[in-house]
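Note: the block below is protein_8.pdb and it holds PDB, C-alpha atoms and all ligand atoms.
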ATOM      1  CA  MET Y 137     -17.314 -16.870   3.193
ATOM      2  CA  LYS Y 138     -20.215 -15.766   0.985
ATOM      3  CA  HIS Y 139     -21.601 -12.336   1.929
ATOM      4  CA  LEU Y 140     -24.916 -11.024   0.673
ATOM      5  CA  ARG Y 141     -27.510  -8.316   1.080
ATOM      6  CA  PHE Y 142     -31.265  -8.774   0.908
ATOM      7  CA  GLU Y 143     -34.614  -7.239   1.718
ATOM      8  CA  SER Y 144     -37.192  -8.832   3.961
ATOM      9  CA  GLU Y 145     -40.373  -7.222   5.278
ATOM     10  CA  GLY Y 146     -39.164  -3.802   4.159
ATOM     11  CA  ARG Y 147     -35.790  -4.079   5.895
ATOM     12  CA  THR Y 148     -32.382  -4.242   4.215
ATOM     13  CA  LEU Y 149     -30.209  -6.878   5.876
ATOM     14  CA  VAL Y 150     -26.788  -8.378   5.367
ATOM     15  CA  GLY Y 151     -25.971 -12.010   5.888
ATOM     16  CA  VAL Y 152     -23.873 -14.939   4.830
ATOM     17  CA  TRP Y 153     -24.843 -17.947   2.767
ATOM     18  CA  ASP Y 154     -24.779 -21.153   4.805
ATOM     19  CA  GLU Y 155     -23.870 -23.730   2.170
ATOM     20  CA  GLU Y 156     -24.629 -26.734   4.357
ATOM     21  CA  ALA Y 157     -28.101 -25.575   5.373
ATOM     22  CA  GLY Y 158     -28.806 -23.959   1.977
ATOM     23  CA  ARG Y 159     -30.051 -20.885   3.853
ATOM     24  CA  ILE Y 160     -29.141 -17.277   4.569
ATOM     25  CA  ARG Y 161     -27.818 -16.534   8.070
ATOM     26  CA  ALA Y 162     -28.670 -12.891   8.650
ATOM     27  CA  GLU Y 163     -27.314 -10.214  10.969
ATOM     28  CA  ASP Y 164     -30.645 -10.212  12.861
ATOM     29  CA  GLY Y 165     -29.863 -13.743  14.085
ATOM     30  CA  ARG Y 166     -32.534 -15.314  11.909
ATOM     31  CA  SER Y 167     -32.101 -17.646   8.981
ATOM     32  CA  TYR Y 168     -34.008 -17.251   5.720
ATOM     33  CA  ARG Y 169     -34.684 -19.371   2.684
ATOM     34  CA  GLY Y 170     -33.390 -17.841  -0.540
ATOM     35  CA  GLU Y 171     -36.912 -17.876  -1.999
ATOM     36  CA  GLU Y 172     -38.511 -15.814   0.765
ATOM     37  CA  VAL Y 173     -36.337 -12.705   0.394
ATOM     38  CA  ARG Y 174     -35.543 -10.173  -2.290
ATOM     39  CA  TRP Y 175     -31.863 -10.480  -3.152
ATOM     40  CA  LEU Y 176     -29.998  -7.190  -3.526
ATOM     41  CA  PRO Y 177     -26.646  -6.610  -5.205
ATOM     42  CA  PRO Y 178     -24.185  -7.977  -2.601
ATOM     43  CA  VAL Y 179     -22.459  -4.583  -2.319
ATOM     44  CA  ALA Y 180     -23.634  -0.994  -2.743
ATOM     45  CA  PRO Y 181     -20.871   0.471  -4.911
ATOM     46  CA  ARG Y 182     -20.134   4.123  -5.545
ATOM     47  CA  THR Y 183     -18.555   3.294  -8.883
ATOM     48  CA  VAL Y 184     -18.818   0.351 -11.276
ATOM     49  CA  VAL Y 185     -16.094   0.304 -13.927
ATOM     50  CA  GLY Y 186     -16.274  -2.177 -16.778
ATOM     51  CA  CYS Y 187     -13.670  -3.466 -19.226
ATOM     52  CA  VAL Y 188     -14.643  -4.181 -22.823
ATOM     53  CA  LEU Y 189     -12.903  -6.593 -25.208
ATOM     54  CA  ASN Y 190     -10.814  -8.173 -22.467
ATOM     55  CA  TYR Y 191     -10.986 -11.694 -23.931
ATOM     56  CA  ALA Y 192      -9.324 -12.173 -27.330
ATOM     57  CA  ASP Y 193     -11.962 -14.652 -28.572
ATOM     58  CA  HIS Y 194     -14.737 -12.134 -27.845
ATOM     59  CA  ALA Y 195     -12.920  -9.312 -29.696
ATOM     60  CA  GLU Y 196     -12.553 -11.671 -32.665
ATOM     61  CA  GLU Y 197     -16.232 -12.623 -32.468
ATOM     62  CA  LEU Y 198     -17.096  -8.924 -32.858
ATOM     63  CA  GLY Y 199     -14.468  -8.415 -35.575
ATOM     64  CA  LEU Y 200     -12.614  -5.860 -33.441
ATOM     65  CA  GLU Y 201      -8.944  -5.395 -32.685
ATOM     66  CA  ARG Y 202      -7.682  -6.194 -29.199
ATOM     67  CA  PRO Y 203      -7.109  -2.968 -27.250
ATOM     68  CA  LYS Y 204      -3.545  -2.004 -26.276
ATOM     69  CA  GLU Y 205      -4.612  -0.913 -22.803
ATOM     70  CA  PRO Y 206      -7.733  -1.616 -20.706
ATOM     71  CA  THR Y 207     -10.755  -0.087 -22.465
ATOM     72  CA  LEU Y 208     -13.271   1.113 -19.930
ATOM     73  CA  PHE Y 209     -16.837   2.216 -19.481
ATOM     74  CA  LEU Y 210     -18.959   3.094 -16.448
ATOM     75  CA  LYS Y 211     -21.952   0.908 -15.674
ATOM     76  CA  PRO Y 212     -24.593   3.204 -14.157
ATOM     77  CA  LEU Y 213     -25.578   2.431 -10.565
ATOM     78  CA  SER Y 214     -29.209   2.822 -11.643
ATOM     79  CA  SER Y 215     -28.835  -0.354 -13.727
ATOM     80  CA  LEU Y 216     -27.837  -2.606 -10.816
ATOM     81  CA  SER Y 217     -30.091  -5.370  -9.576
ATOM     82  CA  GLY Y 218     -29.840  -8.588  -7.602
ATOM     83  CA  HIS Y 219     -30.098 -12.340  -8.041
ATOM     84  CA  LEU Y 220     -33.537 -13.380  -9.388
ATOM     85  CA  ASP Y 221     -34.536  -9.792 -10.268
ATOM     86  CA  PRO Y 222     -36.006  -9.533 -13.772
ATOM     87  CA  ILE Y 223     -34.075  -8.040 -16.684
ATOM     88  CA  VAL Y 224     -36.537  -5.838 -18.560
ATOM     89  CA  TYR Y 225     -36.451  -6.193 -22.338
ATOM     90  CA  PRO Y 226     -36.702  -2.723 -23.918
ATOM     91  CA  LYS Y 227     -39.643  -2.497 -26.292
ATOM     92  CA  GLY Y 228     -38.533  -2.684 -29.903
ATOM     93  CA  ALA Y 229     -34.958  -3.857 -29.191
ATOM     94  CA  GLU Y 230     -33.578  -6.189 -31.862
ATOM     95  CA  TYR Y 231     -30.593  -7.788 -30.185
ATOM     96  CA  MET Y 232     -30.160  -7.995 -26.418
ATOM     97  CA  HIS Y 233     -27.572 -10.298 -24.888
ATOM     98  CA  TYR Y 234     -26.106 -11.380 -21.540
ATOM     99  CA  GLU Y 235     -22.400 -11.108 -20.696
ATOM    100  CA  VAL Y 236     -21.004 -13.324 -17.935
ATOM    101  CA  GLU Y 237     -18.185 -11.491 -16.141
ATOM    102  CA  LEU Y 238     -15.946 -11.990 -13.148
ATOM    103  CA  ALA Y 239     -16.589  -8.906 -10.991
ATOM    104  CA  VAL Y 240     -13.848  -7.738  -8.651
ATOM    105  CA  VAL Y 241     -15.043  -6.103  -5.440
ATOM    106  CA  ILE Y 242     -12.696  -3.550  -3.902
ATOM    107  CA  GLY Y 243     -11.899  -4.224  -0.231
ATOM    108  CA  LYS Y 244     -10.228  -0.970   0.773
ATOM    109  CA  ARG Y 245      -9.567   2.448  -0.736
ATOM    110  CA  ALA Y 246      -7.453   2.112  -3.849
ATOM    111  CA  ARG Y 247      -5.510   4.959  -5.413
ATOM    112  CA  ARG Y 248      -2.407   4.816  -7.581
ATOM    113  CA  LEU Y 249      -1.960   1.095  -7.102
ATOM    114  CA  THR Y 250       0.918  -0.803  -8.608
ATOM    115  CA  PRO Y 251       0.787  -4.337  -9.995
ATOM    116  CA  LYS Y 252       2.519  -5.418  -6.777
ATOM    117  CA  THR Y 253       0.095  -3.786  -4.337
ATOM    118  CA  ALA Y 254      -3.132  -4.092  -6.323
ATOM    119  CA  MET Y 255      -4.356  -7.436  -4.989
ATOM    120  CA  ASP Y 256      -4.159  -6.170  -1.364
ATOM    121  CA  HIS Y 257      -7.076  -3.895  -2.268
ATOM    122  CA  VAL Y 258      -9.314  -6.655  -3.599
ATOM    123  CA  GLY Y 259     -11.935  -7.737  -1.059
ATOM    124  CA  GLY Y 260     -13.580 -10.465  -3.078
ATOM    125  CA  TYR Y 261     -15.418 -11.496  -6.204
ATOM    126  CA  THR Y 262     -18.926 -11.815  -7.498
ATOM    127  CA  ILE Y 263     -20.705 -12.525 -10.789
ATOM    128  CA  ALA Y 264     -21.939  -9.748 -13.066
ATOM    129  CA  ASN Y 265     -24.279  -9.851 -16.017
ATOM    130  CA  ASP Y 266     -23.291  -6.905 -18.221
ATOM    131  CA  VAL Y 267     -26.577  -6.935 -20.150
ATOM    132  CA  THR Y 268     -26.308  -5.067 -23.452
ATOM    133  CA  VAL Y 269     -28.612  -4.046 -26.279
ATOM    134  CA  ARG Y 270     -26.285  -4.305 -29.267
ATOM    135  CA  ASP Y 271     -28.641  -2.073 -31.325
ATOM    136  CA  PHE Y 272     -27.105   0.969 -29.650
ATOM    137  CA  VAL Y 273     -23.433   0.016 -30.019
ATOM    138  CA  THR Y 274     -22.977   1.935 -33.221
ATOM    139  CA  ASN Y 275     -19.244   2.555 -32.950
ATOM    140  CA  THR Y 276     -16.546   1.602 -30.483
ATOM    141  CA  PHE Y 277     -15.498   5.193 -29.795
ATOM    142  CA  ARG Y 278     -18.822   6.125 -28.260
ATOM    143  CA  PRO Y 279     -19.199   4.988 -24.646
ATOM    144  CA  PRO Y 280     -22.060   2.453 -24.562
ATOM    145  CA  VAL Y 281     -24.082   4.409 -22.006
ATOM    146  CA  LYS Y 282     -27.472   3.581 -23.504
ATOM    147  CA  ALA Y 283     -26.552   0.075 -24.725
ATOM    148  CA  LYS Y 284     -25.455  -1.046 -21.246
ATOM    149  CA  GLY Y 285     -27.294   1.448 -19.065
ATOM    150  CA  PHE Y 286     -30.983   0.507 -19.052
ATOM    151  CA  ASP Y 287     -32.571  -0.087 -15.647
ATOM    152  CA  THR Y 288     -32.111  -3.786 -14.705
ATOM    153  CA  PHE Y 289     -29.103  -4.250 -17.060
ATOM    154  CA  GLY Y 290     -26.681  -4.774 -14.173
ATOM    155  CA  PRO Y 291     -27.497  -7.965 -12.256
ATOM    156  CA  LEU Y 292     -24.810  -8.610  -9.644
ATOM    157  CA  GLY Y 293     -24.503 -11.472  -7.176
ATOM    158  CA  PRO Y 294     -25.777 -13.616  -5.670
ATOM    159  CA  TRP Y 295     -23.032 -12.950  -3.090
ATOM    160  CA  THR Y 296     -19.413 -11.926  -2.821
ATOM    161  CA  VAL Y 297     -16.782 -14.556  -2.100
ATOM    162  CA  ASP Y 298     -13.748 -13.460  -0.064
ATOM    163  CA  ARG Y 299     -10.529 -12.991  -2.018
ATOM    164  CA  ASP Y 300      -8.702 -15.670  -0.025
ATOM    165  CA  ASP Y 301     -11.391 -18.236  -0.842
ATOM    166  CA  ILE Y 302     -10.367 -17.966  -4.510
ATOM    167  CA  PRO Y 303      -6.634 -18.667  -4.508
ATOM    168  CA  ASP Y 304      -6.283 -18.422  -8.295
ATOM    169  CA  PRO Y 305      -8.715 -16.013 -10.002
ATOM    170  CA  TYR Y 306      -7.215 -17.031 -13.397
ATOM    171  CA  ASP Y 307      -8.373 -20.615 -13.074
ATOM    172  CA  LEU Y 308     -12.128 -20.088 -13.170
ATOM    173  CA  GLY Y 309     -14.572 -21.361 -15.756
ATOM    174  CA  LEU Y 310     -17.401 -18.981 -16.740
ATOM    175  CA  ARG Y 311     -20.644 -20.189 -18.295
ATOM    176  CA  ALA Y 312     -23.934 -18.657 -19.430
ATOM    177  CA  TYR Y 313     -27.049 -20.796 -19.817
ATOM    178  CA  VAL Y 314     -30.294 -19.653 -21.372
ATOM    179  CA  ASN Y 315     -33.252 -21.857 -20.415
ATOM    180  CA  GLY Y 316     -30.746 -24.541 -19.416
ATOM    181  CA  GLU Y 317     -28.872 -24.467 -22.733
ATOM    182  CA  LEU Y 318     -25.144 -23.660 -22.545
ATOM    183  CA  ARG Y 319     -24.569 -20.589 -24.758
ATOM    184  CA  GLN Y 320     -21.324 -19.033 -23.518
ATOM    185  CA  GLU Y 321     -18.245 -20.591 -22.056
ATOM    186  CA  GLY Y 322     -14.868 -19.112 -21.154
ATOM    187  CA  HIS Y 323     -12.005 -19.287 -18.738
ATOM    188  CA  THR Y 324     -10.345 -16.496 -16.770
ATOM    189  CA  SER Y 325      -6.903 -17.764 -17.890
ATOM    190  CA  ARG Y 326      -7.722 -15.991 -21.178
ATOM    191  CA  LEU Y 327      -8.119 -12.519 -19.666
ATOM    192  CA  GLN Y 328      -6.011 -10.076 -21.686
ATOM    193  CA  PHE Y 329      -5.516  -7.653 -18.828
ATOM    194  CA  ARG Y 330      -5.418  -9.320 -15.440
ATOM    195  CA  ILE Y 331      -6.770  -7.804 -12.242
ATOM    196  CA  PRO Y 332      -3.553  -6.021 -11.073
ATOM    197  CA  GLU Y 333      -3.069  -4.430 -14.514
ATOM    198  CA  ILE Y 334      -6.687  -3.244 -14.668
ATOM    199  CA  LEU Y 335      -6.614  -1.839 -11.124
ATOM    200  CA  THR Y 336      -3.272  -0.119 -11.717
ATOM    201  CA  PHE Y 337      -4.652   1.484 -14.882
ATOM    202  CA  VAL Y 338      -7.950   2.598 -13.300
ATOM    203  CA  THR Y 339      -6.566   3.900 -10.005
ATOM    204  CA  ALA Y 340      -3.934   5.995 -11.773
ATOM    205  CA  PHE Y 341      -6.759   8.490 -12.369
ATOM    206  CA  MET Y 342      -9.717   7.345 -10.237
ATOM    207  CA  THR Y 343      -9.982   6.457  -6.541
ATOM    208  CA  LEU Y 344     -11.891   3.256  -5.895
ATOM    209  CA  GLU Y 345     -13.523   2.751  -2.505
ATOM    210  CA  ALA Y 346     -14.440  -0.393  -0.591
ATOM    211  CA  GLY Y 347     -17.485  -1.918  -2.255
ATOM    212  CA  ASP Y 348     -16.741  -0.513  -5.701
ATOM    213  CA  VAL Y 349     -16.863  -3.034  -8.518
ATOM    214  CA  VAL Y 350     -14.687  -3.680 -11.556
ATOM    215  CA  LEU Y 351     -16.090  -5.850 -14.348
ATOM    216  CA  THR Y 352     -13.343  -7.776 -16.128
ATOM    217  CA  GLY Y 353     -15.054  -8.394 -19.480
ATOM    218  CA  THR Y 354     -16.812 -11.274 -21.169
ATOM    219  CA  PRO Y 355     -15.622 -14.197 -23.339
ATOM    220  CA  LYS Y 356     -17.002 -15.337 -26.686
ATOM    221  CA  GLY Y 357     -20.522 -16.669 -26.983
ATOM    222  CA  LEU Y 358     -23.092 -13.874 -27.110
ATOM    223  CA  SER Y 359     -26.614 -14.654 -28.200
ATOM    224  CA  HIS Y 360     -30.002 -13.027 -28.223
ATOM    225  CA  ILE Y 361     -32.300 -13.286 -25.217
ATOM    226  CA  ARG Y 362     -35.974 -12.418 -25.151
ATOM    227  CA  PRO Y 363     -38.859 -12.064 -22.696
ATOM    228  CA  GLY Y 364     -39.666 -15.390 -21.047
ATOM    229  CA  ASP Y 365     -36.034 -16.571 -21.059
ATOM    230  CA  GLU Y 366     -34.102 -17.393 -17.920
ATOM    231  CA  VAL Y 367     -30.400 -16.500 -17.834
ATOM    232  CA  ARG Y 368     -28.121 -18.415 -15.485
ATOM    233  CA  LEU Y 369     -24.496 -17.305 -15.163
ATOM    234  CA  GLU Y 370     -22.008 -19.518 -13.378
ATOM    235  CA  ILE Y 371     -18.424 -18.907 -12.286
ATOM    236  CA  ASP Y 372     -16.394 -21.663 -10.623
ATOM    237  CA  GLY Y 373     -15.866 -21.059  -6.928
ATOM    238  CA  ILE Y 374     -18.508 -18.322  -6.751
ATOM    239  CA  GLY Y 375     -21.912 -19.756  -7.672
ATOM    240  CA  ALA Y 376     -24.777 -18.960 -10.017
ATOM    241  CA  LEU Y 377     -26.569 -15.688 -10.764
ATOM    242  CA  VAL Y 378     -30.042 -16.252 -12.196
ATOM    243  CA  ASN Y 379     -32.320 -13.623 -13.766
ATOM    244  CA  PRO Y 380     -35.499 -13.970 -15.795
ATOM    245  CA  VAL Y 381     -36.111 -11.714 -18.808
ATOM    246  CA  MET Y 382     -39.395  -9.804 -18.762
ATOM    247  CA  GLU Y 383     -41.438  -7.816 -21.241
ATOM    248  CA  GLU Y 384     -41.412  -4.057 -20.656
ATOM    249  CA  THR Y 385     -44.675  -2.894 -19.132
ATOM    250  CA  PRO Y 386     -45.878   0.684 -19.547
TER     251      PRO Y 386
HETATM  252 MG    MG Y 401     -19.100  -6.529 -20.722
END
Would you mind giving the structure from this file in structure tokens?
Amino acid sequence: MKHLRFESEGRTLVGVWDEEAGRIRAEDGRSYRGEEVRWLPPVAPRTVVGCVLNYADHAEELGLERPKEPTLFLKPLSSLSGHLDPIVYPKGAEYMHYEVELAVVIGKRARRLTPKTAMDHVGGYTIANDVTVRDFVTNTFRPPVKAKGFDTFGPLGPWTVDRDDIPDPYDLGLRAYVNGELRQEGHTSRLQFRIPEILTFVTAFMTLEAGDVVLTGTPKGLSHIRPGDEVRLEIDGIGALVNPVMEETP
């Protein structure tokens, strides 16, 4: 089942994506076309934790050593946006890029998980674009709050897919297209730290609640995007998250 949130006529609604009809079936009993609503992030998390350098090929691409344990940052909630929402290009930025990432959505409160119990706390999956301005990543010891924290730098969606609908989360292809051109390609079999290891590490010190999101990192294949571009991220078994890039307006 694909669960989503959207806005229509000033109301926030939840619904499911009806694949056959190509429409949203909403809680108000109505059905909507995807184009007539504003898509919201499919969950409203309290915390979004991200992993960096979790694919070996991406660490190599940046000339960095693979971390010995999950290396984390917090994606600010103020950066989150939905499917089709514009990513705003900060004036004067030199290098902004997309990052396609498998996002794990927590299904129930998670604290001090073990690798054995961790997956019971996963509710589902969605696609994240961990948009980054590389200009502000000046060293790897400084959390990339500014680089990854601009408003609109956290597209999430278009929906969440239930955990049981993805029997093997390590058999998913990830792709990023810019204006239809394939720029980034990876596979979740190459994750350095898998979901149970990440969740065990995080929940040893932090409680995660239902709806919280964990970004699992991005594979090799970063490239610059600029105003006017359209970024389309795909993950097998989930779908496609599309966001245009816009000029910053005063
Ligand atoms: Mg990332």
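This file, filtered with the PyMOL selection byres (((chain Y and resi 162-179) around 6) and not hetatm), gives the residues Leu140, Arg141, Phe142, Glu143, Ser144, Val150, Gly151, Arg159, Ile160, Arg161, Ala180, Pro181, Ser217, Gly218, His219, Leu292, Gly293, Trp295 and Gly347 of chain Y.
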Could you pull the residues within 9 Å of Thr268 (chain Y), counting all atoms listed in the file, minus those fewer than 3 positions along the same chain, as a list in words? Tyr231, Met232, His233, Tyr234, Glu235, Asp271, Phe272, Val273, Pro280, Lys282, Ala283, Lys284, Gly285, Phe286 and Phe289 of chain Y
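For Glu321 (chain Y), the list of residues within 9 Å, based on all atoms listed in the file and with local chain neighbours fewer than 3 positions off taken out, reads Y:Val236, Y:Gly309, Y:Leu310, Y:Arg311, Y:Ala312, Y:Leu318, Y:Pro355, Y:Lys356, Y:Gly357.
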At a cut-off of 12 Å around the point (-9.5, -0.3, -25.9) (file coordinates), what residues fall inside when counting only C-alpha atoms? I'd like the answer as a list in words.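 Residues with an atom at most 12 Å from (-9.5, -0.3, -25.9): Gly186, Cys187, Val188, Leu189, Asn190, Tyr191, Ala192, Ala195, Leu200, Glu201, Arg202, Pro203, Lys204, Glu205, Pro206, Thr207, Leu208, Phe209, Thr276, Phe277, Arg278, Pro279, Gln328, Phe329, Ile334 and Gly353 of chain Y.
Minimum atom-to-atom distances from Y:Pro363, Y:Pro332, Y:Pro291, Y:Pro303 to Asn315 (chain Y) were compared using only C-alpha atoms, and the lowest value belongs to Y:Pro363.
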Expected selection from the PyMOL selection byres (((chain Y and resi 248) around 8) and not hetatm), given as a PyMOL selection string: chain Y and resi 246-247+249-250+336+339-341+343
For the atom pair CA of Arg245 (chain Y) and CA of Val349 (chain Y), what is the interatomic distance in Å to one decimal place?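 We find that CA of Arg245 (chain Y) and CA of Val349 (chain Y) lie 12.0 Å from each other.
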Can you measure CA of Arg362 (chain Y) to CA of Leu327 (chain Y) for me? One decimal in Å is fine. 28.4 Å
From Y:Leu351, Y:Ile374, Y:Val152, Y:Leu213, residue lying nearest ligand MG 401 (chain Y) [all atoms listed in the file]: Y:Leu351
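You will find CA of Val297 (chain Y) at 15.4 Å from CA of Leu369 (chain Y).
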Which residue out of Y:Glu237, Y:Glu333, Y:Asp221, Y:Asp298 has the minimum interatomic distance to ligand MG 401 (chain Y) when all atoms listed in the file are used?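 Closest to ligand MG 401 (chain Y) of all the choices is Y:Glu237.
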To box region 182-200 of chain Y, take all atoms listed in the file, fit an axis-aligned box, add 8 Å on each side, and give centre and edge lengths in Å to one decimal, as JSON.
{"center_x": -14.7, "center_y": -5.3, "center_z": -20.6, "size_x": 26.8, "size_y": 34.8, "size_z": 46.0}
List every protein, DNA or RNA residue that has an atom no more than 6 Å from (-7.4, -5.2, 0.5) in the file's coordinate frame, counting all atoms listed in the file, and report them as a list in words.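 Within 6 Å of (-7.4, -5.2, 0.5), the protein and nucleic acid residues are Gly243, Lys244, Asp256, His257, Val258 and Gly259 of chain Y.
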Would you put the residues from that selection into a file with C-alpha atoms, as an mmCIF file, in the frame of the given file?
data_model
loop_
_atom_site.group_PDB
_atom_site.id
_atom_site.type_symbol
_atom_site.label_atom_id
_atom_site.label_comp_id
_atom_site.auth_asym_id
_atom_site.auth_seq_id
_atom_site.Cartn_x
_atom_site.Cartn_y
_atom_site.Cartn_z
ATOM 1 C CA GLY Y 243 -11.899 -4.224 -0.231
ATOM 2 C CA LYS Y 244 -10.228 -0.970 0.773
ATOM 3 C CA ASP Y 256 -4.159 -6.170 -1.364
ATOM 4 C CA HIS Y 257 -7.076 -3.895 -2.268
ATOM 5 C CA VAL Y 258 -9.314 -6.655 -3.599
ATOM 6 C CA GLY Y 259 -11.935 -7.737 -1.059
#
Within 6 Å of Val378 (chain Y), counting all atoms listed in the file, which residues show up once you throw out same-chain ones fewer than 3 positions away? Write them as JSON, numbers by chain, please. {"Y": [219, 220, 367, 368]}
